[in-house]
Each structure stands twice: as C-alpha cells, then as structure tokens.
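Q: To be precise about what I am sending: the file is called target_7.tsv and holds TSV, C-alpha atoms.
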```
chain	number	residue	atom	x	y	z
A	1	MET	CA	104.06	-70.69	-21.76
A	2	PRO	CA	103.36	-69.56	-25.33
A	3	THR	CA	104.74	-72.14	-27.74
A	4	LYS	CA	106.40	-71.06	-30.93
A	5	PRO	CA	106.26	-73.16	-34.10
A	6	ILE	CA	109.02	-75.74	-34.03
A	7	GLY	CA	110.75	-74.30	-37.10
A	8	GLN	CA	111.08	-70.91	-35.46
A	9	GLU	CA	112.61	-72.57	-32.39
A	10	PHE	CA	115.34	-73.89	-34.67
A	11	LEU	CA	115.87	-70.73	-36.71
A	12	LYS	CA	116.24	-68.40	-33.72
A	13	GLY	CA	119.52	-70.12	-32.83
A	14	VAL	CA	120.86	-69.60	-36.35
A	15	TRP	CA	120.11	-65.91	-36.74
A	16	SER	CA	118.07	-63.80	-34.30
A	17	GLU	CA	119.65	-65.35	-31.18
A	18	ASN	CA	122.89	-66.58	-32.76
A	19	PRO	CA	125.16	-67.48	-29.82
A	20	ILE	CA	128.31	-65.91	-31.26
A	21	PHE	CA	127.09	-62.80	-33.05
A	22	ARG	CA	124.05	-61.84	-30.99
A	23	GLN	CA	124.53	-63.24	-27.49
A	24	LEU	CA	128.35	-63.13	-27.38
A	25	LEU	CA	128.43	-66.55	-25.70
A	26	GLY	CA	131.25	-69.04	-25.97
A	27	MET	CA	133.76	-66.42	-27.01
A	28	CYS	CA	136.86	-68.25	-25.77
A	29	PRO	CA	136.71	-71.25	-28.14
A	30	THR	CA	135.37	-69.00	-30.89
A	31	LEU	CA	138.47	-66.86	-30.83
A	32	ALA	CA	140.99	-69.52	-29.92
A	33	VAL	CA	140.43	-72.35	-32.39
A	34	THR	CA	139.39	-70.51	-35.55
A	35	ASN	CA	142.89	-70.17	-37.04
A	36	ALA	CA	142.09	-73.02	-39.47
A	37	VAL	CA	138.76	-74.27	-40.81
A	38	VAL	CA	139.37	-77.87	-39.74
A	39	ASN	CA	139.94	-76.77	-36.11
A	40	GLY	CA	136.85	-74.56	-36.11
A	41	PHE	CA	134.76	-77.38	-37.57
A	42	ALA	CA	136.03	-79.96	-35.05
A	43	MET	CA	135.30	-77.57	-32.17
A	44	GLY	CA	131.83	-76.92	-33.60
A	45	MET	CA	131.08	-80.63	-33.85
A	46	ALA	CA	132.36	-81.34	-30.32
A	47	THR	CA	130.23	-78.52	-28.92
A	48	THR	CA	127.20	-79.74	-30.89
A	49	PHE	CA	127.62	-83.23	-29.44
A	50	VAL	CA	127.89	-81.93	-25.89
A	51	LEU	CA	124.99	-79.50	-26.23
A	52	LEU	CA	122.65	-82.04	-27.85
A	53	PHE	CA	123.22	-84.76	-25.30
A	54	SER	CA	123.24	-82.42	-22.30
A	55	SER	CA	119.92	-80.95	-23.45
A	56	LEU	CA	118.55	-84.46	-23.94
A	57	VAL	CA	119.57	-85.57	-20.45
A	58	VAL	CA	118.67	-82.36	-18.63
A	59	SER	CA	115.25	-82.05	-20.26
A	60	SER	CA	114.43	-85.69	-19.49
A	61	ILE	CA	115.42	-85.54	-15.80
A	62	LYS	CA	114.37	-81.93	-15.14
A	63	ASN	CA	111.65	-82.98	-12.70
A	64	LEU	CA	114.05	-85.08	-10.61
A	65	ILE	CA	116.59	-82.30	-9.98
A	66	PRO	CA	116.02	-80.25	-6.80
A	67	LYS	CA	116.03	-76.54	-7.57
A	68	GLN	CA	118.86	-75.64	-5.19
A	69	VAL	CA	121.45	-77.92	-6.77
A	70	ARG	CA	120.38	-77.61	-10.38
A	71	ILE	CA	123.44	-75.69	-11.60
A	72	ALA	CA	125.82	-78.22	-10.06
A	73	SER	CA	123.81	-81.08	-11.58
A	74	TYR	CA	123.89	-79.47	-15.03
A	75	ILE	CA	127.65	-79.03	-14.74
A	76	VAL	CA	128.16	-82.70	-13.88
A	77	VAL	CA	126.02	-83.76	-16.87
A	78	ILE	CA	127.91	-81.40	-19.19
A	79	ALA	CA	131.31	-82.46	-17.83
A	80	THR	CA	130.47	-86.11	-18.51
A	81	PHE	CA	129.77	-85.48	-22.18
A	82	VAL	CA	132.78	-83.19	-22.51
A	83	THR	CA	134.99	-85.98	-21.15
A	84	MET	CA	133.49	-88.35	-23.74
A	85	ALA	CA	134.13	-85.88	-26.57
A	86	ASP	CA	137.68	-85.27	-25.36
A	87	ARG	CA	138.54	-88.98	-25.11
A	88	PHE	CA	136.94	-89.63	-28.51
A	89	LEU	CA	139.01	-86.93	-30.23
A	90	GLN	CA	142.19	-88.16	-28.52
A	91	ALA	CA	141.58	-91.72	-29.69
A	92	PHE	CA	140.42	-91.16	-33.27
A	93	PHE	CA	141.73	-87.73	-34.29
A	94	PRO	CA	144.95	-87.25	-32.31
A	95	ALA	CA	146.22	-84.49	-34.65
A	96	ILE	CA	143.09	-82.37	-34.20
A	97	SER	CA	143.08	-83.10	-30.48
A	98	ASP	CA	146.64	-81.74	-30.28
A	99	ASN	CA	145.67	-78.61	-32.21
A	100	LEU	CA	142.71	-77.88	-29.95
A	101	GLY	CA	144.72	-78.58	-26.79
A	102	PRO	CA	142.96	-77.49	-23.60
A	103	TYR	CA	140.04	-75.98	-25.48
A	104	VAL	CA	138.14	-79.27	-25.74
A	105	PRO	CA	138.02	-79.77	-21.94
A	106	LEU	CA	137.14	-76.08	-21.71
A	107	ILE	CA	133.82	-76.72	-23.48
A	108	VAL	CA	132.63	-77.51	-19.96
A	109	VAL	CA	132.75	-73.80	-19.06
A	110	ASN	CA	131.31	-72.65	-22.40
A	111	CYS	CA	128.51	-70.38	-21.19
A	112	LEU	CA	126.44	-71.28	-24.26
A	113	ILE	CA	125.87	-74.84	-23.04
A	114	LEU	CA	125.07	-74.06	-19.40
A	115	GLY	CA	122.96	-71.12	-20.57
A	116	ARG	CA	120.75	-73.30	-22.77
A	117	GLN	CA	120.22	-75.81	-19.94
A	118	GLU	CA	119.20	-73.10	-17.50
A	119	ALA	CA	117.16	-71.01	-19.93
A	120	PHE	CA	115.54	-73.69	-22.08
A	121	SER	CA	116.02	-77.42	-21.40
A	122	SER	CA	115.05	-77.16	-17.74
A	123	ARG	CA	111.58	-75.87	-18.62
A	124	ASN	CA	110.71	-77.43	-21.98
A	125	THR	CA	109.90	-80.89	-23.33
A	126	VAL	CA	112.59	-83.23	-24.63
A	127	GLY	CA	111.65	-82.68	-28.27
A	128	ARG	CA	111.67	-78.89	-28.12
A	129	SER	CA	114.93	-78.90	-26.16
A	130	LEU	CA	116.59	-81.02	-28.84
A	131	VAL	CA	115.37	-78.69	-31.59
A	132	ASP	CA	116.58	-75.70	-29.60
A	133	ALA	CA	119.97	-77.34	-29.00
A	134	LEU	CA	120.25	-78.21	-32.70
A	135	GLY	CA	119.45	-74.62	-33.70
A	136	MET	CA	121.87	-73.09	-31.23
A	137	SER	CA	124.70	-75.41	-32.23
A	138	SER	CA	124.02	-74.80	-35.93
A	139	GLY	CA	124.36	-71.09	-35.22
A	140	PHE	CA	127.55	-71.75	-33.30
A	141	VAL	CA	129.05	-73.95	-36.05
A	142	LEU	CA	128.04	-71.37	-38.66
A	143	GLY	CA	129.81	-68.61	-36.73
A	144	LEU	CA	132.94	-70.74	-36.27
A	145	LEU	CA	133.00	-71.65	-39.96
A	146	VAL	CA	132.64	-68.03	-41.13
A	147	LEU	CA	135.34	-66.82	-38.76
A	148	SER	CA	137.76	-69.66	-39.47
A	149	SER	CA	137.27	-69.44	-43.26
A	150	ILE	CA	138.13	-65.73	-43.26
A	151	ARG	CA	141.13	-66.28	-41.03
A	152	GLU	CA	142.50	-69.30	-42.90
A	153	ILE	CA	142.05	-67.82	-46.39
A	154	LEU	CA	143.60	-64.46	-45.50
A	155	GLY	CA	146.11	-65.81	-43.00
A	156	SER	CA	147.58	-68.77	-44.87
A	157	GLY	CA	145.97	-68.53	-48.34
A	158	THR	CA	144.42	-71.97	-47.94
A	159	PHE	CA	140.98	-73.45	-47.31
A	160	LEU	CA	140.86	-76.79	-45.47
A	161	GLY	CA	144.56	-77.13	-46.27
A	162	THR	CA	144.34	-76.68	-50.07
A	163	GLN	CA	145.80	-73.59	-51.70
A	164	VAL	CA	143.05	-71.26	-52.93
A	165	MET	CA	144.93	-68.00	-53.43
A	166	GLY	CA	147.31	-67.52	-56.38
A	167	ASP	CA	151.06	-67.04	-56.22
A	168	TRP	CA	150.63	-63.26	-56.08
A	169	PHE	CA	149.06	-63.56	-52.62
A	170	LYS	CA	151.23	-62.90	-49.60
A	171	PRO	CA	149.57	-64.47	-46.52
A	172	TRP	CA	148.58	-62.02	-43.78
A	173	THR	CA	150.21	-63.95	-40.96
A	174	ILE	CA	148.55	-61.63	-38.45
A	175	MET	CA	145.19	-63.26	-39.23
A	176	VAL	CA	146.17	-66.65	-37.78
A	177	LEU	CA	147.71	-65.01	-34.69
A	178	PRO	CA	145.61	-63.86	-31.69
A	179	PRO	CA	145.21	-60.19	-32.81
A	180	GLY	CA	143.61	-61.33	-36.09
A	181	ALA	CA	140.97	-63.26	-34.16
A	182	PHE	CA	139.90	-60.23	-32.11
A	183	ILE	CA	139.85	-57.82	-35.04
A	184	THR	CA	138.01	-60.17	-37.44
A	185	LEU	CA	135.32	-60.96	-34.88
A	186	GLY	CA	134.93	-57.26	-34.02
A	187	ILE	CA	134.36	-56.35	-37.65
A	188	LEU	CA	131.98	-59.30	-38.16
A	189	LEU	CA	129.90	-58.19	-35.13
A	190	GLY	CA	129.62	-54.73	-36.67
A	191	LEU	CA	128.57	-56.23	-40.02
A	192	VAL	CA	125.84	-58.37	-38.43
A	193	ILE	CA	124.42	-55.32	-36.65
A	194	LEU	CA	124.60	-53.33	-39.90
A	195	ILE	CA	122.66	-56.03	-41.82
A	196	GLU	CA	120.07	-56.16	-39.04
A	197	GLN	CA	119.60	-52.38	-39.11
A	198	LYS	CA	119.29	-52.36	-42.92
A	199	SER	CA	116.67	-55.12	-42.94
A	200	LYS	CA	114.71	-53.39	-40.15
A	201	SER	CA	114.61	-50.02	-41.89
A	202	ARG	CA	113.39	-51.70	-45.10
A	203	ARG	CA	110.48	-53.21	-43.19
B	204	MET	CA	165.61	-68.11	-13.21
B	205	GLU	CA	163.24	-70.74	-14.54
B	206	LEU	CA	160.58	-69.46	-12.13
B	207	LEU	CA	161.07	-65.86	-13.23
B	208	ALA	CA	160.65	-66.97	-16.84
B	209	ILE	CA	157.34	-68.67	-16.01
B	210	PHE	CA	156.18	-65.56	-14.16
B	211	ILE	CA	157.06	-63.10	-16.95
B	212	THR	CA	155.67	-65.42	-19.63
B	213	ALA	CA	152.35	-65.70	-17.80
B	214	ILE	CA	151.98	-61.93	-17.43
B	215	PHE	CA	153.20	-60.58	-20.76
B	216	ILE	CA	153.97	-63.13	-23.43
B	217	LYS	CA	151.25	-65.73	-23.01
B	218	ASN	CA	148.74	-63.41	-21.39
B	219	PHE	CA	145.59	-65.32	-20.47
B	220	VAL	CA	143.23	-62.91	-22.20
B	221	LEU	CA	145.27	-61.80	-25.17
B	222	PHE	CA	147.07	-65.06	-26.01
B	223	TYR	CA	144.95	-67.93	-24.68
B	224	PHE	CA	141.59	-66.12	-25.11
B	225	LEU	CA	140.51	-67.20	-21.63
B	226	GLY	CA	138.24	-65.03	-19.50
B	227	ILE	CA	136.86	-63.07	-22.45
B	228	CYS	CA	133.40	-62.74	-20.85
B	229	PRO	CA	134.51	-60.68	-17.80
B	230	PHE	CA	137.13	-58.99	-19.98
B	231	LEU	CA	134.36	-57.55	-22.17
B	232	GLY	CA	131.66	-57.39	-19.51
B	233	VAL	CA	133.40	-55.78	-16.52
B	234	SER	CA	135.78	-53.45	-18.34
B	235	LYS	CA	133.57	-50.37	-18.57
B	236	LYS	CA	134.77	-48.76	-15.32
B	237	LEU	CA	138.32	-48.69	-14.06
B	238	ASP	CA	137.63	-49.43	-10.37
B	239	ALA	CA	135.27	-52.32	-11.16
B	240	ALA	CA	137.87	-53.76	-13.51
B	241	PHE	CA	140.49	-53.52	-10.77
B	242	SER	CA	138.28	-55.36	-8.25
B	243	MET	CA	137.52	-58.05	-10.80
B	244	GLY	CA	141.22	-58.46	-11.54
B	245	LEU	CA	141.98	-58.73	-7.83
B	246	ALA	CA	139.27	-61.35	-7.30
B	247	VAL	CA	140.49	-63.40	-10.27
B	248	THR	CA	144.12	-63.27	-9.12
B	249	PHE	CA	143.05	-64.39	-5.65
B	250	VAL	CA	140.95	-67.33	-6.86
B	251	MET	CA	143.53	-68.30	-9.50
B	252	THR	CA	146.28	-68.63	-6.92
B	253	ILE	CA	144.14	-70.83	-4.68
B	254	THR	CA	142.90	-72.86	-7.66
B	255	ALA	CA	146.47	-73.47	-8.79
B	256	VAL	CA	147.35	-74.88	-5.37
B	257	VAL	CA	144.23	-77.02	-4.94
B	258	SER	CA	144.10	-78.37	-8.49
B	259	TRP	CA	147.77	-79.38	-8.25
B	260	MET	CA	147.09	-81.26	-5.03
B	261	ILE	CA	144.08	-83.04	-6.50
B	262	ASN	CA	145.91	-83.90	-9.69
B	263	HIS	CA	149.09	-85.20	-8.04
B	264	TRP	CA	147.75	-86.73	-4.84
B	265	VAL	CA	144.46	-88.21	-6.00
B	266	LEU	CA	144.02	-88.43	-9.77
B	267	LEU	CA	147.49	-89.49	-10.94
B	268	PRO	CA	148.28	-92.12	-8.24
B	269	TYR	CA	144.99	-93.92	-8.91
B	270	ASN	CA	145.05	-93.51	-12.73
B	271	LEU	CA	141.93	-91.38	-12.70
B	272	GLU	CA	143.04	-88.78	-15.25
B	273	TYR	CA	139.75	-89.13	-17.10
B	274	LEU	CA	138.00	-87.58	-14.10
B	275	GLN	CA	140.10	-84.42	-14.44
B	276	ILE	CA	137.40	-82.30	-16.09
B	277	VAL	CA	134.63	-83.30	-13.68
B	278	SER	CA	136.73	-82.99	-10.54
B	279	PHE	CA	138.35	-79.67	-11.49
B	280	ILE	CA	135.04	-77.97	-12.28
B	281	LEU	CA	133.40	-79.22	-9.08
B	282	VAL	CA	136.40	-78.19	-6.99
B	283	ILE	CA	136.46	-74.73	-8.53
B	284	ALA	CA	132.73	-74.21	-8.00
B	285	SER	CA	132.88	-75.20	-4.34
B	286	LEU	CA	136.16	-73.35	-3.81
B	287	VAL	CA	134.65	-70.07	-4.97
B	288	GLN	CA	131.77	-70.57	-2.53
B	289	LEU	CA	134.18	-71.30	0.31
B	290	VAL	CA	136.39	-68.33	-0.49
B	291	GLU	CA	133.33	-66.10	-0.55
B	292	MET	CA	132.16	-67.25	2.89
B	293	PHE	CA	135.68	-67.03	4.26
B	294	ILE	CA	136.27	-63.47	3.08
B	295	ARG	CA	132.88	-62.35	4.38
B	296	LYS	CA	133.84	-63.54	7.86
B	297	ILE	CA	137.48	-62.48	7.92
B	298	SER	CA	137.54	-59.19	6.08
B	299	PRO	CA	134.27	-57.33	5.45
B	300	PRO	CA	135.99	-54.45	3.58
B	301	LEU	CA	137.60	-56.87	1.15
B	302	TYR	CA	134.24	-58.59	0.76
B	303	GLN	CA	132.67	-55.23	-0.05
B	304	ALA	CA	135.25	-54.72	-2.78
B	305	LEU	CA	135.10	-58.20	-4.31
B	306	GLY	CA	131.56	-59.17	-3.31
B	307	ILE	CA	129.55	-59.36	-6.49
B	308	TYR	CA	132.49	-60.46	-8.62
B	309	LEU	CA	133.24	-63.67	-6.76
B	310	PRO	CA	130.20	-65.73	-7.87
B	311	LEU	CA	130.79	-64.63	-11.45
B	312	ILE	CA	134.21	-66.22	-11.33
B	313	THR	CA	132.85	-69.78	-11.15
B	314	THR	CA	131.92	-69.67	-14.82
B	315	ASN	CA	135.08	-67.83	-15.78
B	316	CYS	CA	136.91	-70.08	-18.18
B	317	ALA	CA	140.23	-68.54	-17.13
B	318	ILE	CA	140.10	-70.40	-13.80
B	319	MET	CA	139.32	-73.77	-15.38
B	320	GLY	CA	141.87	-73.01	-18.08
B	321	LEU	CA	144.52	-72.37	-15.46
B	322	ALA	CA	143.92	-75.73	-13.78
B	323	LEU	CA	144.00	-77.56	-17.12
B	324	LEU	CA	147.04	-75.73	-18.51
B	325	ALA	CA	149.05	-76.26	-15.32
B	326	ALA	CA	148.22	-79.98	-15.48
B	327	LEU	CA	149.08	-80.07	-19.20
B	328	LYS	CA	152.48	-78.41	-18.71
B	329	ASN	CA	153.47	-80.79	-15.92
B	330	TYR	CA	154.59	-78.01	-13.61
B	331	ASN	CA	155.82	-78.92	-10.14
B	332	PHE	CA	154.19	-77.36	-7.08
B	333	ILE	CA	156.22	-74.12	-6.89
B	334	GLU	CA	155.98	-73.58	-10.65
B	335	THR	CA	152.21	-74.06	-10.52
B	336	VAL	CA	151.84	-71.43	-7.81
B	337	ILE	CA	154.02	-68.95	-9.73
B	338	PHE	CA	152.04	-69.71	-12.88
B	339	GLY	CA	148.78	-69.04	-11.02
B	340	VAL	CA	149.90	-65.71	-9.55
B	341	GLY	CA	151.45	-64.58	-12.83
B	342	SER	CA	148.36	-65.46	-14.85
B	343	GLY	CA	146.18	-63.57	-12.39
B	344	ILE	CA	148.37	-60.48	-12.63
B	345	GLY	CA	148.35	-60.80	-16.41
B	346	PHE	CA	144.55	-60.90	-16.42
B	347	THR	CA	144.40	-57.88	-14.10
B	348	LEU	CA	146.80	-55.95	-16.31
B	349	ALA	CA	144.79	-56.69	-19.46
B	350	ILE	CA	141.40	-55.82	-17.92
B	351	ILE	CA	142.71	-52.57	-16.36
B	352	LEU	CA	144.29	-51.44	-19.63
B	353	MET	CA	141.03	-52.28	-21.41
B	354	ALA	CA	138.94	-50.34	-18.88
B	355	GLY	CA	141.24	-47.34	-19.17
B	356	ILE	CA	140.88	-47.32	-22.94
B	357	ARG	CA	137.12	-47.85	-22.83
B	358	GLU	CA	136.56	-44.93	-20.47
B	359	HIS	CA	138.09	-42.71	-23.15
B	360	LEU	CA	136.29	-44.57	-25.93
B	361	ASP	CA	132.97	-43.31	-24.54
B	362	LEU	CA	133.89	-39.85	-25.79
B	363	ALA	CA	135.11	-41.05	-29.18
B	364	ASP	CA	133.01	-40.99	-32.33
B	365	VAL	CA	132.65	-44.71	-33.09
B	366	PRO	CA	130.71	-45.81	-36.23
B	367	GLY	CA	127.19	-46.94	-35.15
B	368	PRO	CA	127.26	-50.71	-35.76
B	369	LEU	CA	130.67	-51.08	-34.09
B	370	LYS	CA	129.56	-49.44	-30.81
B	371	GLY	CA	129.90	-51.67	-27.75
B	372	ALA	CA	131.28	-55.15	-28.27
B	373	GLY	CA	132.55	-54.58	-31.82
B	374	ILE	CA	134.95	-51.78	-31.00
B	375	ALA	CA	135.94	-53.48	-27.74
B	376	LEU	CA	137.08	-56.55	-29.67
B	377	ILE	CA	139.02	-54.45	-32.18
B	378	VAL	CA	140.73	-52.62	-29.31
B	379	ALA	CA	141.57	-56.00	-27.76
B	380	GLY	CA	143.06	-57.02	-31.10
B	381	ILE	CA	145.32	-54.00	-31.15
B	382	MET	CA	146.30	-54.70	-27.52
B	383	ALA	CA	147.13	-58.30	-28.45
B	384	LEU	CA	149.25	-56.95	-31.29
B	385	ALA	CA	151.14	-54.73	-28.86
B	386	PHE	CA	151.59	-57.59	-26.38
B	387	SER	CA	152.97	-59.87	-29.09
B	388	GLY	CA	155.91	-57.48	-29.14
B	389	PHE	CA	156.93	-58.94	-25.75
B	390	SER	CA	157.43	-62.40	-27.25
B	391	GLY	CA	161.12	-61.72	-27.91
B	392	MET	CA	161.77	-61.18	-24.19
B	393	ILE	CA	162.30	-64.85	-23.29
B	394	LYS	CA	163.63	-67.59	-25.51
```
Could I get this structure in the form of structure tokens?
A:
Amino acid sequence: MPTKPIGQEFLKGVWSENPIFRQLLGMCPTLAVTNAVVNGFAMGMATTFVLLFSSLVVSSIKNLIPKQVRIASYIVVIATFVTMADRFLQAFFPAISDNLGPYVPLIVVNCLILGRQEAFSSRNTVGRSLVDALGMSSGFVLGLLVLSSIREILGSGTFLGTQVMGDWFKPWTIMVLPPGAFITLGILLGLVILIEQKSKSRR
Amino acid sequence: MELLAIFITAIFIKNFVLFYFLGICPFLGVSKKLDAAFSMGLAVTFVMTITAVVSWMINHWVLLPYNLEYLQIVSFILVIASLVQLVEMFIRKISPPLYQALGIYLPLITTNCAIMGLALLAALKNYNFIETVIFGVGSGIGFTLAIILMAGIREHLDLADVPGPLKGAGIALIVAGIMALAFSGFSGMIK
C-alpha cells in the first residue's frame, strides 16, 4: 500500500475528504444538534472521543478479528465508547446531555465512525489510524462549528450564549428550527463545491 | 384518542426525517426514483414496527428489571442488526415477490439511524407496549411519506435548471428544508 506523508493523512479529513461537506457522512447529528454552538461543540467532542478510541482499539486488534464478524465486532467496540461518552455527559454536563437527547446514543450509528474503521483502521497501523481519526474528527468538528455558528448568530443573535447582534437585529427564528438546518447545510455544500471549482480552474 | 395523537404526531408533526433528522442517508440516497423510494419506505416501516416490538420487550423484560439500562445502546444495536438479518431470511422463504421488492434495501437498513432512533426514542418517552407499536408504525409511515414526496420532487428536479454547485445533494437539502417548513405547519394540529 502506498503510504502518504503523515501530515497529508491528517489534512485530508479536514478538507479534501471532509466527512460533512465532501462525504456527506454523519448527517443526522450534523443537522440535529447545530441549533446552538455549545451543542454542536459538545457533539463534536463526543464524536471525536468515540472515533479516536474506536480507531485505537480496532487498529490494535485488527489481526484478531475474523473477517466474517468484523462489522459486528466494530459495532460492539463503538457502542462501548458511545456508552462511556453518554454516561460521562449525563454525569458532568447534565444540561448539555438534555439538549442533545437521543443524539448522543445515536453516535453509534454515525456512518462516519463505522466507515473509518472499515476503510482505514482495519488495514493500517495504530499510529496512522490515530492520525486519520484525528483528521476526520477535526473536519467533523469544523463542519459542526461552522454550521452551528451560522445558525445561532442568525437564529438567536447570540454566539455561545452572548449577544453579538445589535438591538436592530430581529432573530430569524427559522434558522434554529429544522428547516433552517436543511437550507443552511444545502447552501454550504454548494459553497464548498464552488470554492473547489474556483481553486481547480486557477491551477 | 391518546393513541391517535401519537400516530398523527409521528407521521406529520414530529416526522422522523423532517423533525428528528433521522434516516437522512437513505432519504438523500434512495430518493432519485419514485418506485425505489416506495420500496425503501415499505422496508423501513416493516423493520420499524418489528424493532418497536422487540426493543420494548428487551427494555422492559430484561434491561429494566435487572438495572441494566447502561447496556441499552449495545443491546439495541446488536438486536437491530440480527433482526434485519432474520427478517431478510424470513421474507426470502415466505414471500419471494416481497423479497424481490425489498431485497437490496433490507441490509442497508441496519445502519439506518432511524431504526436505532426509534428504539431509543420509544424508551425515552416511556411508552407502554401498545403506544410503542403505534409509534413504530406511525414513524415508518411518516418516513415513507417524506421519502416518496422527496422522490416525486426530485424526478421533476432533473429537468430544472439548477445552478452548478448546488446540483445533487445541495439542492436536495434545500428542498428538504422547504418540505420541513411545510410540515411545520401541521404542528398546530395537536396540542
């Protein structure tokens, strides 16, 4: 297998293979929890934790897992870390845990995490898998932060709970409701493709 | 009356796709053709109903009596994965025509977050057995409705002049947004 430089392995998750904008993976939490920056950030951190540790475990035991039951084994590993993240949030950040509701347990079916195990961790060394997981989750957190910043600023006029828009601003309530999530993400996807096309034609 | 409210809420007001954002992957992936979308909706409704029954039994007969709530995530996902396999084998034996119609969509359902979401939401809302079943059927119909509407719109969208970068997923998401907007009009139906 041709090995890329380690930096590139990290950067591909942030831009060229960004899970949200390029691969359209993990759409459910992306749309559901980005009505406020703090929720988006908490979801990003929880997903990062799960992805990092699942990649660590899967890449270290990849030779022990029989091929036929690999998907089921990955799911058990992922579900274990999701349970840990869920219990941790409930114990230390009950308010955030309430906001996120069923979406923390639902990290277990986030296709991003299972996808990385199947496509990367199961056939690469521990170190490379960790770098890959770190890159992918940075890309995921970045996407969540962009989306939730736009929605919180336009939808409630605040950023992380502090007022940033002046008195003249009337909040666009639609942005914190479900339709705002779909429309914002749709426009962002278009923008990302536009930037990509522009930078290609310049080259 | 209470049951009817749960049913209507699951289909229109808190639609799985447009309100809970669950099952977005098949919603965007399998909504290009109307008949494929219908089969997918049928398969999801079928599995959702069975999942609702089985997850309720596991939750109330095994997990709660022995204080094992922390195993909820692991047990639900394993049950759903094996359930989909079982259903697939069962349908292949019992009804080959149905298997022909649902065939390739069944395995895809394992990773569909709508199924897992259904099990978790039903457990979260503390529904009794009948309510859980109604919730499962209603959610499945709601998903089918959303994906069929989407497929109908997308078949026409092929002929429309969409700006280049928005082609594909971009415009699909914006259409979904407008659909969600329309569906939010139902929220006054039940207090």
Q: For a cut-off of 9 Å around (123.3, -82.1, -29.3), file coordinates, pick out all residues using all atoms listed in the file and list them as a list of chain:residue names.
A: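 I get A:Thr47, A:Thr48, A:Phe49, A:Val50, A:Leu51, A:Leu52, A:Phe53, A:Ser54, A:Ser55, A:Leu56, A:Leu130, A:Val131, A:Ala133, A:Leu134, A:Ser137 for the residues within 9 Å of that point.
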Q: Residues of chain A near chain B: apply a cut-off of 7 Å, count all atoms listed in the file, and supply the list as an NGL selection string.
A: :A and (27-28 or 31-32 or 76 or 79-80 or 83 or 102 or 105-106 or 109 or 178-180 or 182-183 or 186-187 or 189-190 or 193-194)
Q: Record the distance separating atom CA of Ala85 of chain A and atom CA of Gly127 of chain A, expressed in Å with one decimal.
A: 22.8 Å
Q: Please compute the atom CA of Leu301 of chain B-atom CA of Ala354 of chain B distance, one decimal, in Å.
A: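 Straight-line distance from atom CA of Leu301 of chain B to atom CA of Ala354 of chain B works out to 21.1 Å.
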Q: Pick from B:Glu334, B:Phe230, B:Asn270, B:Met251: nearest to Glu205 of chain B, with only C-alpha atoms counted?
A: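 Of all the options, B:Glu334 lies closest to Glu205 of chain B.
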Q: Between atom CA of Arg357 of chain B and atom CA of Phe241 of chain B, measure the distance and give it in Å to one decimal.
A: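 Between atom CA of Arg357 of chain B and atom CA of Phe241 of chain B the gap works out to 13.7 Å.
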Q: Could you give me, as an NGL selection string, the residues that sit within 6 Å of (111.3, -77.4, -32.5) in the file's coordinates, counting all atoms listed in the file?
A: :A and (6-7 or 9-10 or 128 or 131)
Q: Excluding same-chain residues fewer than 6 positions from Ser390 of chain B, what lies within 12 Å of it counting only C-alpha atoms, as a PyMOL selection string?
A: chain B and resi 208+211-218+222+383-384
Q: Excluding Gln163 of chain A and its own-chain neighbours fewer than 5 positions away, which residues fall within 12 Å of it when counting all atoms listed in the file? Please give them as a ChimeraX atom specification.
A: /A:152-158,169,171
Q: Could you list, as a PyMOL selection string, every residue within 9 Å of Leu237 of chain B, counting all atoms listed in the file and ignoring same-chain residues fewer than 6 positions away?
A: chain B and resi 350-355+357-358
Q: Taking 3 positions as the minimum chain separation for residues in the same chain, which residues sit within 10 Å of segment 58-64 of chain A when counting only C-alpha atoms? Answer as a PyMOL selection string.
A: chain A and resi 53-55+67+70+73-74+77-78+117-118+120-130
Q: Kindly save the residues from that selection, with C-alpha atoms included, as an mmCIF file, keeping the file's coordinate frame.
A:
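New file selection.cif:
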```
data_model
loop_
_atom_site.group_PDB
_atom_site.id
_atom_site.type_symbol
_atom_site.label_atom_id
_atom_site.label_comp_id
_atom_site.auth_asym_id
_atom_site.auth_seq_id
_atom_site.Cartn_x
_atom_site.Cartn_y
_atom_site.Cartn_z
ATOM 1 C CA PHE A 53 123.220 -84.760 -25.300
ATOM 2 C CA SER A 54 123.240 -82.420 -22.300
ATOM 3 C CA SER A 55 119.920 -80.950 -23.450
ATOM 4 C CA LYS A 67 116.030 -76.540 -7.570
ATOM 5 C CA ARG A 70 120.380 -77.610 -10.380
ATOM 6 C CA SER A 73 123.810 -81.080 -11.580
ATOM 7 C CA TYR A 74 123.890 -79.470 -15.030
ATOM 8 C CA VAL A 77 126.020 -83.760 -16.870
ATOM 9 C CA ILE A 78 127.910 -81.400 -19.190
ATOM 10 C CA GLN A 117 120.220 -75.810 -19.940
ATOM 11 C CA GLU A 118 119.200 -73.100 -17.500
ATOM 12 C CA PHE A 120 115.540 -73.690 -22.080
ATOM 13 C CA SER A 121 116.020 -77.420 -21.400
ATOM 14 C CA SER A 122 115.050 -77.160 -17.740
ATOM 15 C CA ARG A 123 111.580 -75.870 -18.620
ATOM 16 C CA ASN A 124 110.710 -77.430 -21.980
ATOM 17 C CA THR A 125 109.900 -80.890 -23.330
ATOM 18 C CA VAL A 126 112.590 -83.230 -24.630
ATOM 19 C CA GLY A 127 111.650 -82.680 -28.270
ATOM 20 C CA ARG A 128 111.670 -78.890 -28.120
ATOM 21 C CA SER A 129 114.930 -78.900 -26.160
ATOM 22 C CA LEU A 130 116.590 -81.020 -28.840
#
```
Q: Residues at most 9 Å from Pro29 of chain A, counting only C-alpha atoms, excluding those fewer than 5 positions away in the same chain, as a ChimeraX atom specification?
A: /A:34,40,43,103-104,106-107,110,144 /B:224-225
